[in-house]
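A.B. asks: One file is attached below, entry.txt, containing compact mmCIF, C-alpha atoms.
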# COMPACT_ATOMS: atom_id res chain seq x y z
CA MET J 1 17.51 1.44 -20.59
CA THR J 2 17.88 -2.35 -20.43
CA LYS J 3 21.17 -2.06 -18.58
CA TYR J 4 19.61 0.33 -16.07
CA VAL J 5 16.64 -1.99 -15.49
CA LEU J 6 18.89 -5.00 -14.90
CA LYS J 7 21.03 -2.99 -12.52
CA ARG J 8 17.98 -1.87 -10.52
CA VAL J 9 16.54 -5.39 -10.40
CA LEU J 10 19.82 -6.82 -9.09
CA LEU J 11 20.08 -4.04 -6.52
CA MET J 12 16.48 -4.68 -5.45
CA PHE J 13 17.20 -8.41 -5.07
CA PHE J 14 20.32 -7.70 -2.97
CA THR J 15 18.41 -5.25 -0.73
CA PHE J 16 15.56 -7.74 -0.39
CA MET J 17 17.92 -10.52 0.72
CA VAL J 18 19.67 -8.29 3.27
CA ILE J 19 16.37 -7.19 4.82
CA MET J 20 15.01 -10.74 4.72
CA THR J 21 18.12 -12.09 6.48
CA ILE J 22 17.98 -9.49 9.24
CA GLU J 23 14.26 -10.06 9.76
CA PHE J 24 14.67 -13.85 9.86
CA VAL J 25 17.43 -13.67 12.47
CA LEU J 26 15.48 -11.27 14.68
CA VAL J 27 12.28 -13.33 14.41
CA ARG J 28 13.99 -16.63 15.18
CA LEU J 29 15.70 -15.10 18.23
CA LEU J 30 12.29 -14.39 19.76
CA PRO J 31 11.06 -16.94 22.32
CA ARG J 32 8.61 -19.53 21.01
CA GLU J 33 5.62 -20.46 23.14
CA LEU J 34 3.85 -23.81 22.93
CA PRO J 35 0.07 -24.02 23.53
CA THR J 36 -1.22 -25.30 26.85
CA ASP J 37 -2.83 -28.35 25.21
CA LYS J 38 -0.24 -31.14 25.64
CA THR J 39 -1.21 -33.10 22.53
CA GLN J 40 -1.08 -30.03 20.31
CA ALA J 41 2.13 -28.85 21.99
CA ALA J 42 3.82 -32.21 21.32
CA ALA J 43 2.75 -32.14 17.67
CA ILE J 44 4.08 -28.61 17.22
CA ALA J 45 7.36 -29.41 19.01
CA SER J 46 7.99 -32.44 16.79
CA ARG J 47 7.15 -30.41 13.69
CA TRP J 48 9.56 -27.66 14.77
CA GLU J 49 12.27 -30.28 15.23
CA ALA J 50 11.64 -31.67 11.72
CA LEU J 51 11.79 -28.17 10.23
CA GLY J 52 15.14 -27.50 11.91
CA TYR J 53 13.89 -24.85 14.35
CA ASN J 54 16.38 -26.10 16.95
CA GLU J 55 19.41 -25.80 14.65
CA PRO J 56 21.78 -22.78 14.66
CA ILE J 57 20.27 -19.58 13.22
CA MET J 58 22.13 -19.60 9.90
CA THR J 59 21.38 -23.29 9.41
CA GLN J 60 17.72 -22.49 9.95
CA PHE J 61 17.99 -19.69 7.39
CA GLY J 62 19.52 -22.06 4.85
CA ILE J 63 16.67 -24.53 5.39
CA TYR J 64 14.16 -21.68 5.10
CA LEU J 65 15.60 -20.50 1.76
CA LYS J 66 15.80 -24.07 0.46
CA ASN J 67 12.13 -24.66 1.28
CA ILE J 68 11.15 -21.42 -0.48
CA VAL J 69 13.11 -22.22 -3.64
CA THR J 70 12.23 -25.92 -3.89
CA LYS J 71 8.73 -26.07 -2.36
CA TRP J 72 7.52 -22.45 -2.21
CA ASP J 73 7.17 -23.06 1.52
CA PHE J 74 7.37 -19.95 3.71
CA GLY J 75 6.66 -21.78 6.93
CA THR J 76 3.55 -22.86 8.78
CA SER J 77 0.94 -21.07 10.84
CA TRP J 78 0.62 -22.61 14.30
CA TYR J 79 -1.90 -20.33 15.97
CA ILE J 80 -3.89 -18.26 13.44
CA ALA J 81 -4.68 -21.29 11.22
CA PHE J 82 -3.20 -24.43 12.73
CA ARG J 83 -0.68 -26.17 10.39
CA LYS J 84 -1.80 -24.14 7.38
CA PRO J 85 1.01 -22.85 5.13
CA ALA J 86 1.88 -19.23 5.89
CA TRP J 87 1.64 -18.38 2.18
CA ASP J 88 -1.97 -19.64 2.04
CA VAL J 89 -2.86 -17.67 5.16
CA LEU J 90 -1.54 -14.51 3.50
CA ILE J 91 -3.30 -15.15 0.17
CA ASP J 92 -6.61 -15.72 1.96
CA ARG J 93 -6.33 -12.22 3.47
CA LEU J 94 -5.20 -10.44 0.31
CA LEU J 95 -8.55 -9.86 -1.44
CA PRO J 96 -10.25 -7.67 1.21
CA THR J 97 -7.09 -5.56 1.54
CA VAL J 98 -6.89 -5.03 -2.23
CA LEU J 99 -10.59 -4.19 -2.54
CA VAL J 100 -10.67 -1.57 0.22
CA ASN J 101 -7.52 0.15 -0.99
CA LEU J 102 -8.55 -0.08 -4.66
CA TYR J 103 -11.93 1.53 -3.92
CA SER J 104 -10.09 4.24 -2.01
CA LEU J 105 -7.74 5.00 -4.91
CA VAL J 106 -10.53 5.00 -7.49
CA PHE J 107 -12.39 7.52 -5.34
CA SER J 108 -9.45 9.74 -4.34
CA ILE J 109 -7.33 9.96 -7.51
CA PRO J 110 -9.76 11.94 -9.73
CA ILE J 111 -10.83 14.22 -6.87
CA GLY J 112 -7.25 14.91 -5.76
CA ILE J 113 -5.97 15.63 -9.27
CA LEU J 114 -8.94 17.84 -10.20
CA LEU J 115 -8.62 19.87 -7.00
CA GLY J 116 -4.88 20.26 -7.62
CA ILE J 117 -5.50 21.46 -11.20
CA TYR J 118 -8.14 23.92 -10.06
CA ALA J 119 -5.90 25.29 -7.28
CA ALA J 120 -2.99 25.75 -9.73
CA ILE J 121 -5.17 27.55 -12.26
CA ARG J 122 -6.57 29.82 -9.53
CA LYS J 123 -3.15 30.44 -8.00
CA ASN J 124 -3.03 33.21 -5.36
CA LYS J 125 -6.83 33.55 -5.47
CA TRP J 126 -9.08 32.79 -2.50
CA GLN J 127 -9.95 29.39 -3.98
CA ASP J 128 -6.27 28.44 -4.04
CA SER J 129 -5.76 29.67 -0.48
CA PHE J 130 -8.79 27.75 0.77
CA ILE J 131 -7.81 24.49 -0.97
CA SER J 132 -4.17 24.81 0.19
CA THR J 133 -5.27 25.39 3.79
CA MET J 134 -7.58 22.36 3.73
CA VAL J 135 -4.86 20.25 2.13
CA MET J 136 -2.37 21.11 4.88
CA LEU J 137 -5.02 20.25 7.46
CA PHE J 138 -5.91 16.89 5.92
CA VAL J 139 -2.28 15.92 5.26
CA SER J 140 -1.39 16.57 8.90
CA ILE J 141 -4.13 14.38 10.38
CA PRO J 142 -3.40 10.61 10.64
CA SER J 143 -5.76 8.17 8.95
CA TYR J 144 -6.91 6.60 12.22
CA VAL J 145 -8.33 9.98 13.29
CA TYR J 146 -10.41 10.02 10.11
CA ALA J 147 -11.51 6.49 10.94
CA PHE J 148 -12.85 7.52 14.35
CA LEU J 149 -14.52 10.64 12.89
CA VAL J 150 -16.22 8.59 10.17
CA GLN J 151 -17.43 6.07 12.73
CA TYR J 152 -18.65 8.81 15.06
CA PHE J 153 -20.57 10.90 12.53
CA LEU J 154 -21.70 8.36 9.91
CA TYR J 155 -22.45 5.51 12.32
CA PHE J 156 -23.14 6.88 15.79
CA LYS J 157 -24.73 10.24 14.91
CA LEU J 158 -26.36 9.64 11.52
CA GLY J 159 -26.58 5.86 11.33
CA TRP J 160 -25.80 5.84 7.59
CA LEU J 161 -22.96 3.31 7.61
CA PRO J 162 -22.11 0.22 9.68
CA LEU J 163 -19.48 0.44 12.37
CA GLN J 164 -17.28 -2.26 10.83
CA VAL J 165 -16.93 -4.17 7.59
CA TYR J 166 -19.35 -7.07 7.37
CA SER J 167 -18.15 -10.64 7.54
CA LEU J 168 -18.65 -12.92 4.54
CA ALA J 169 -21.54 -14.63 6.30
CA ASP J 170 -23.35 -11.30 6.82
CA ALA J 171 -22.67 -10.15 3.24
CA GLY J 172 -23.92 -13.23 1.42
CA GLY J 173 -20.57 -14.99 1.10
CA SER J 174 -19.04 -12.65 -1.51
CA TRP J 175 -16.56 -9.79 -1.24
CA PHE J 176 -18.06 -8.27 -4.39
CA SER J 177 -21.66 -8.06 -3.19
CA GLY J 178 -23.44 -4.73 -2.87
CA LYS J 179 -23.86 -5.24 0.86
CA MET J 180 -20.13 -5.80 1.33
CA PHE J 181 -19.34 -2.70 -0.75
CA TYR J 182 -21.73 -0.69 1.41
CA SER J 183 -19.93 -1.80 4.57
CA MET J 184 -16.57 -0.83 3.01
CA ILE J 185 -17.56 2.79 2.40
CA ALA J 186 -16.46 3.88 5.89
CA PRO J 187 -12.85 2.57 5.67
CA VAL J 188 -12.64 3.78 2.07
CA LEU J 189 -13.51 7.30 3.22
CA ALA J 190 -11.02 7.10 6.09
CA LEU J 191 -8.25 6.13 3.66
CA SER J 192 -9.27 8.65 0.98
CA PHE J 193 -8.95 11.95 2.86
CA GLY J 194 -5.18 11.80 3.19
CA GLU J 195 -4.75 10.43 -0.34
CA ILE J 196 -6.84 13.24 -1.84
CA ALA J 197 -4.88 15.88 0.06
CA GLY J 198 -1.52 14.43 -0.97
CA LEU J 199 -2.46 14.19 -4.64
CA CYS J 200 -3.94 17.69 -4.62
CA ARG J 201 -0.78 19.20 -3.11
CA PHE J 202 1.53 17.35 -5.50
CA THR J 203 -0.55 18.15 -8.59
CA ARG J 204 -0.82 21.82 -7.68
CA ALA J 205 2.94 22.11 -7.13
CA GLU J 206 3.82 20.43 -10.43
CA LEU J 207 1.23 22.28 -12.50
CA THR J 208 2.07 25.65 -10.94
CA GLU J 209 5.72 25.21 -11.91
CA THR J 210 4.73 24.11 -15.42
CA LEU J 211 2.40 27.07 -15.96
CA THR J 212 5.25 29.49 -15.28
CA SER J 213 7.67 27.81 -17.70
CA ASP J 214 9.10 29.59 -20.73
CA TYR J 215 7.45 27.26 -23.24
CA MET J 216 4.05 28.21 -21.86
CA LEU J 217 4.80 31.85 -22.62
CA LEU J 218 5.88 30.80 -26.14
CA ALA J 219 2.63 28.86 -26.59
CA ARG J 220 0.60 31.91 -25.60
CA THR J 221 2.53 34.16 -27.99
CA LYS J 222 1.76 31.74 -30.84
CA GLY J 223 -1.92 32.42 -30.34
CA LEU J 224 -3.09 29.66 -28.01
CA SER J 225 -5.57 30.63 -25.36
CA ARG J 226 -4.76 29.98 -21.71
CA ALA J 227 -7.09 26.97 -21.65
CA GLN J 228 -5.56 25.52 -24.83
CA ALA J 229 -1.98 26.02 -23.61
CA THR J 230 -2.84 24.50 -20.24
CA THR J 231 -4.56 21.46 -21.75
CA ARG J 232 -2.13 20.75 -24.58
CA HIS J 233 1.18 21.52 -22.89
CA ALA J 234 1.04 22.18 -19.14
CA LEU J 235 -1.07 19.19 -18.10
CA ARG J 236 0.88 16.74 -20.24
CA ASN J 237 4.21 17.81 -18.74
CA ALA J 238 2.85 18.04 -15.19
CA MET J 239 1.58 14.45 -15.42
CA VAL J 240 5.11 13.08 -15.96
CA PRO J 241 5.99 12.99 -12.22
CA ILE J 242 2.37 12.38 -11.16
CA LEU J 243 1.76 9.17 -13.13
CA PRO J 244 4.63 7.23 -11.48
CA MET J 245 3.23 8.32 -8.13
CA LEU J 246 -0.14 6.81 -9.12
CA ILE J 247 1.58 3.60 -10.25
CA SER J 248 3.27 3.35 -6.87
CA SER J 249 -0.09 3.86 -5.14
CA PHE J 250 -1.68 1.03 -7.11
CA ILE J 251 1.17 -1.33 -6.24
CA GLY J 252 0.96 -0.21 -2.61
CA ILE J 253 -2.67 -1.34 -2.31
CA LEU J 254 -1.37 -4.88 -1.72
CA GLY J 255 0.22 -3.74 1.52
CA GLY J 256 -2.98 -2.38 2.99
CA SER J 257 -3.26 -0.35 6.17
CA MET J 258 -2.67 -2.07 9.50
CA ILE J 259 -4.43 0.55 11.62
CA ILE J 260 -7.49 1.03 9.38
CA GLU J 261 -7.95 -2.72 8.99
CA GLN J 262 -7.76 -3.15 12.75
CA ILE J 263 -10.27 -0.36 13.46
CA PHE J 264 -12.83 -1.58 10.92
CA SER J 265 -12.18 -5.31 11.49
CA ILE J 266 -11.13 -5.92 7.89
CA PRO J 267 -9.67 -9.45 7.67
CA GLY J 268 -6.82 -8.29 5.46
CA VAL J 269 -3.05 -8.38 5.29
CA GLY J 270 -2.60 -5.46 7.69
CA GLN J 271 -4.72 -7.03 10.40
CA LEU J 272 -2.95 -10.36 9.85
CA TYR J 273 0.38 -8.64 10.54
CA LEU J 274 -0.81 -7.37 13.92
CA LYS J 275 -2.51 -10.65 14.77
CA SER J 276 0.62 -12.67 14.02
CA ILE J 277 2.56 -10.48 16.48
CA GLN J 278 -0.08 -10.79 19.19
CA LEU J 279 -0.34 -14.59 18.86
CA PHE J 280 3.43 -15.17 18.41
CA ASP J 281 2.78 -16.83 15.04
CA TYR J 282 6.29 -16.09 13.84
CA ASP J 283 6.19 -17.85 10.46
CA VAL J 284 3.14 -15.82 9.44
CA PHE J 285 4.82 -12.70 10.82
CA MET J 286 7.91 -13.49 8.73
CA MET J 287 5.78 -14.12 5.64
CA ASP J 288 4.02 -10.78 6.12
CA GLY J 289 7.33 -8.98 6.61
CA VAL J 290 8.81 -10.51 3.46
CA PHE J 291 5.65 -9.55 1.56
CA TYR J 292 5.71 -5.94 2.78
CA THR J 293 9.43 -5.65 1.94
CA PHE J 294 8.89 -6.98 -1.58
CA ILE J 295 5.93 -4.67 -2.24
CA GLY J 296 7.88 -1.63 -1.04
CA LEU J 297 10.94 -2.43 -3.16
CA LEU J 298 8.82 -3.32 -6.18
CA ALA J 299 6.92 -0.04 -6.00
CA GLY J 300 10.19 1.90 -5.90
CA ILE J 301 11.73 0.16 -8.90
CA VAL J 302 8.55 0.32 -10.99
CA VAL J 303 8.28 4.06 -10.33
CA ASP J 304 11.91 4.66 -11.37
CA ILE J 305 11.58 2.58 -14.53
CA SER J 306 8.22 4.11 -15.47
CA TYR J 307 9.80 7.57 -15.73
CA GLY J 308 11.74 6.41 -18.77
CA PHE J 309 8.65 5.06 -20.51
CA ILE J 310 6.43 8.02 -19.68
CA ASP J 311 8.92 10.68 -20.76
CA PRO J 312 11.19 9.69 -23.71
CA ARG J 313 13.52 12.58 -22.84
CA ILE J 314 14.69 10.65 -19.78
CA ARG J 315 15.70 7.66 -21.93
CA MET J 316 17.54 9.98 -24.31
CA GLY J 317 19.30 11.67 -21.40
CA GLU J 318 20.74 8.43 -20.02
CA ARG J 319 22.56 7.85 -23.29
Starting from the coordinates I provided, produce the structure as structure tokens.
C.D. replies:
Amino acid sequence: MTKYVLKRVLLMFFTFMVIMTIEFVLVRLLPRELPTDKTQAAAIASRWEALGYNEPIMTQFGIYLKNIVTKWDFGTSWYIAFRKPAWDVLIDRLLPTVLVNLYSLVFSIPIGILLGIYAAIRKNKWQDSFISTMVMLFVSIPSYVYAFLVQYFLYFKLGWLPLQVYSLADAGGSWFSGKMFYSMIAPVLALSFGEIAGLCRFTRAELTETLTSDYMLLARTKGLSRAQATTRHALRNAMVPILPMLISSFIGILGGSMIIEQIFSIPGVGQLYLKSIQLFDYDVFMMDGVFYTFIGLLAGIVVDISYGFIDPRIRMGER
């Protein structure tokens, strides 16, 4: 298992460096625009010269990597937050992204799994057909459509929820206040519909296959009732592929949702990504891209490794 983990970590690092190199080259090839203010433009131009922005591309990349390793410096924001380190700009936006996506997962995971279990138990009944039809409908609809529907019905028609997430000033200066949580309900709902449908479909498929396995028939012949066999054997085995999926979802909350954050004006990582493109703040854009790449690769490797810890048979098989 240790050898496999080391191999995957090295492969992840190699993939990360390849993607990072390609992204850096493409970003640095984009034209840079100085602000109209001459004093600010002169300051930025001199700073770019000191950071080696006018050197050849690969020389710039070497300087960039050296600054990361020696100073943890991922560049500087020139337009979103003038002369603020790109890393600090990202960290400042991380909390609202994590909160909205965490609330969404906490809400959607139990509902999705319970619906999937119920649909599997009632297989080929009208309940299963109804849940499966709704799941296909909700899986097929993009999250931004849910966002507009939530805004239309819960804000415009009923007036129950605010149109957008409150700012810190409006919510008392805390992301954990009750007022801020209330304003986050709308984006949480918009993110949850698709998550619930996906979990329900996956859980139903895994549990349905488990319920028809030979060992379930053996458990029934030994005297266990259907409920006992399902609880003691089927659910435990069906959770093996589901739990890594949940782990991946929890790691993925750091990435956020660019479209949802833009629609609901959430000052998170996703909105920062779009804003850095619009304002040509390339260092922040690069920092966001590196962050998204790392989160995606980390989620993949954690899921693969977690299989071995969740199911000992996988560790035994690799021997």
A.B. asks: Measuring atom to atom with all atoms listed in the file, identify which of J:Met136, J:Met184, J:Leu95, J:Ile22 is nearest to J:Gln151.
C.D. replies: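 Nearest candidate to J:Gln151 out of J:Met136, J:Met184, J:Leu95, J:Ile22: J:Met184.
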A.B. asks: Of the residues J:Ser183, J:Ser265, J:Ser132, J:Ser108, which is the one nearest to J:Ala205, using only C-alpha atoms?
C.D. replies: J:Ser132
A.B. asks: Skip J:Asp304 itself and residues of its chain fewer than 4 positions away, then list as a list in words all residues within 9 Å of it, counting only C-alpha atoms.
C.D. replies: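 That gives Arg8, Pro244, Ala299, Gly300 and Gly308 of chain J.
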A.B. asks: Let me have the centre and edge lengths of the axis-aligned box enclosing all listed atoms of stretch 76-88 of chain J with 3 Å padding on every side, in Å to one decimal, as AutoDock Vina command-line options.
C.D. replies:
--center_x -0.6 --center_y -22.2 --center_z 9.0 --size_x 14.2 --size_y 13.9 --size_z 19.9
A.B. asks: Just how far from atom CA of J:Ile301 is atom CA of J:Ser248, in Å to one decimal?
C.D. replies: 9.3 Å
A.B. asks: Can you pull out every residue within 8 Å of J:Phe202, counting only C-alpha atoms, but drop anything in the same chain fewer than 4 positions away, and send it as an MDAnalysis selection string?
C.D. replies: chainID J and resid 116 198 206 242
A.B. asks: How about completing stretch 280-303 of chain J with N, CA and C atoms and giving it to me as a JSON list (two decimals), keeping the file's coordinate frame?
C.D. replies:
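So part.json came out as:
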[["chain", "number", "residue", "atom", "x", "y", "z"],
["J", 280, "PHE", "N", 2.09, -14.58, 18.54],
["J", 280, "PHE", "CA", 3.43, -15.17, 18.41],
["J", 280, "PHE", "C", 3.50, -16.20, 17.28],
["J", 281, "ASP", "N", 2.75, -15.95, 16.21],
["J", 281, "ASP", "CA", 2.78, -16.83, 15.04],
["J", 281, "ASP", "C", 3.90, -16.32, 14.12],
["J", 282, "TYR", "N", 5.13, -16.73, 14.43],
["J", 282, "TYR", "CA", 6.29, -16.09, 13.84],
["J", 282, "TYR", "C", 6.46, -16.38, 12.34],
["J", 283, "ASP", "N", 6.05, -17.55, 11.89],
["J", 283, "ASP", "CA", 6.19, -17.85, 10.46],
["J", 283, "ASP", "C", 5.26, -16.95, 9.63],
["J", 284, "VAL", "N", 4.07, -16.72, 10.13],
["J", 284, "VAL", "CA", 3.14, -15.82, 9.44],
["J", 284, "VAL", "C", 3.67, -14.39, 9.50],
["J", 285, "PHE", "N", 4.21, -14.02, 10.66],
["J", 285, "PHE", "CA", 4.82, -12.70, 10.82],
["J", 285, "PHE", "C", 5.97, -12.51, 9.83],
["J", 286, "MET", "N", 6.80, -13.54, 9.69],
["J", 286, "MET", "CA", 7.91, -13.49, 8.73],
["J", 286, "MET", "C", 7.39, -13.40, 7.31],
["J", 287, "MET", "N", 6.36, -14.16, 6.99],
["J", 287, "MET", "CA", 5.78, -14.12, 5.64],
["J", 287, "MET", "C", 5.23, -12.74, 5.34],
["J", 288, "ASP", "N", 4.56, -12.13, 6.29],
["J", 288, "ASP", "CA", 4.02, -10.78, 6.12],
["J", 288, "ASP", "C", 5.14, -9.77, 5.93],
["J", 289, "GLY", "N", 6.21, -9.90, 6.74],
["J", 289, "GLY", "CA", 7.33, -8.98, 6.61],
["J", 289, "GLY", "C", 8.02, -9.08, 5.26],
["J", 290, "VAL", "N", 8.22, -10.31, 4.78],
["J", 290, "VAL", "CA", 8.81, -10.51, 3.46],
["J", 290, "VAL", "C", 7.91, -9.91, 2.38],
["J", 291, "PHE", "N", 6.61, -10.08, 2.54],
["J", 291, "PHE", "CA", 5.65, -9.55, 1.56],
["J", 291, "PHE", "C", 5.69, -8.03, 1.53],
["J", 292, "TYR", "N", 5.67, -7.40, 2.70],
["J", 292, "TYR", "CA", 5.71, -5.94, 2.78],
["J", 292, "TYR", "C", 7.02, -5.40, 2.18],
["J", 293, "THR", "N", 8.13, -6.08, 2.48],
["J", 293, "THR", "CA", 9.43, -5.65, 1.94],
["J", 293, "THR", "C", 9.43, -5.71, 0.42],
["J", 294, "PHE", "N", 8.92, -6.81, -0.12],
["J", 294, "PHE", "CA", 8.89, -6.98, -1.58],
["J", 294, "PHE", "C", 8.01, -5.93, -2.24],
["J", 295, "ILE", "N", 6.84, -5.66, -1.67],
["J", 295, "ILE", "CA", 5.93, -4.67, -2.24],
["J", 295, "ILE", "C", 6.57, -3.28, -2.23],
["J", 296, "GLY", "N", 7.24, -2.94, -1.12],
["J", 296, "GLY", "CA", 7.88, -1.63, -1.04],
["J", 296, "GLY", "C", 8.99, -1.47, -2.06],
["J", 297, "LEU", "N", 9.84, -2.50, -2.20],
["J", 297, "LEU", "CA", 10.94, -2.43, -3.16],
["J", 297, "LEU", "C", 10.42, -2.45, -4.59],
["J", 298, "LEU", "N", 9.39, -3.26, -4.84],
["J", 298, "LEU", "CA", 8.82, -3.32, -6.18],
["J", 298, "LEU", "C", 8.21, -1.99, -6.60],
["J", 299, "ALA", "N", 7.51, -1.35, -5.68],
["J", 299, "ALA", "CA", 6.92, -0.04, -6.00],
["J", 299, "ALA", "C", 8.00, 0.96, -6.36],
["J", 300, "GLY", "N", 9.10, 0.96, -5.62],
["J", 300, "GLY", "CA", 10.19, 1.90, -5.90],
["J", 300, "GLY", "C", 10.81, 1.69, -7.26],
["J", 301, "ILE", "N", 11.08, 0.43, -7.62],
["J", 301, "ILE", "CA", 11.73, 0.16, -8.90],
["J", 301, "ILE", "C", 10.80, 0.40, -10.07],
["J", 302, "VAL", "N", 9.51, 0.08, -9.91],
["J", 302, "VAL", "CA", 8.55, 0.32, -10.99],
["J", 302, "VAL", "C", 8.40, 1.81, -11.25],
["J", 303, "VAL", "N", 8.38, 2.61, -10.18],
["J", 303, "VAL", "CA", 8.28, 4.06, -10.33],
["J", 303, "VAL", "C", 9.49, 4.60, -11.09]]
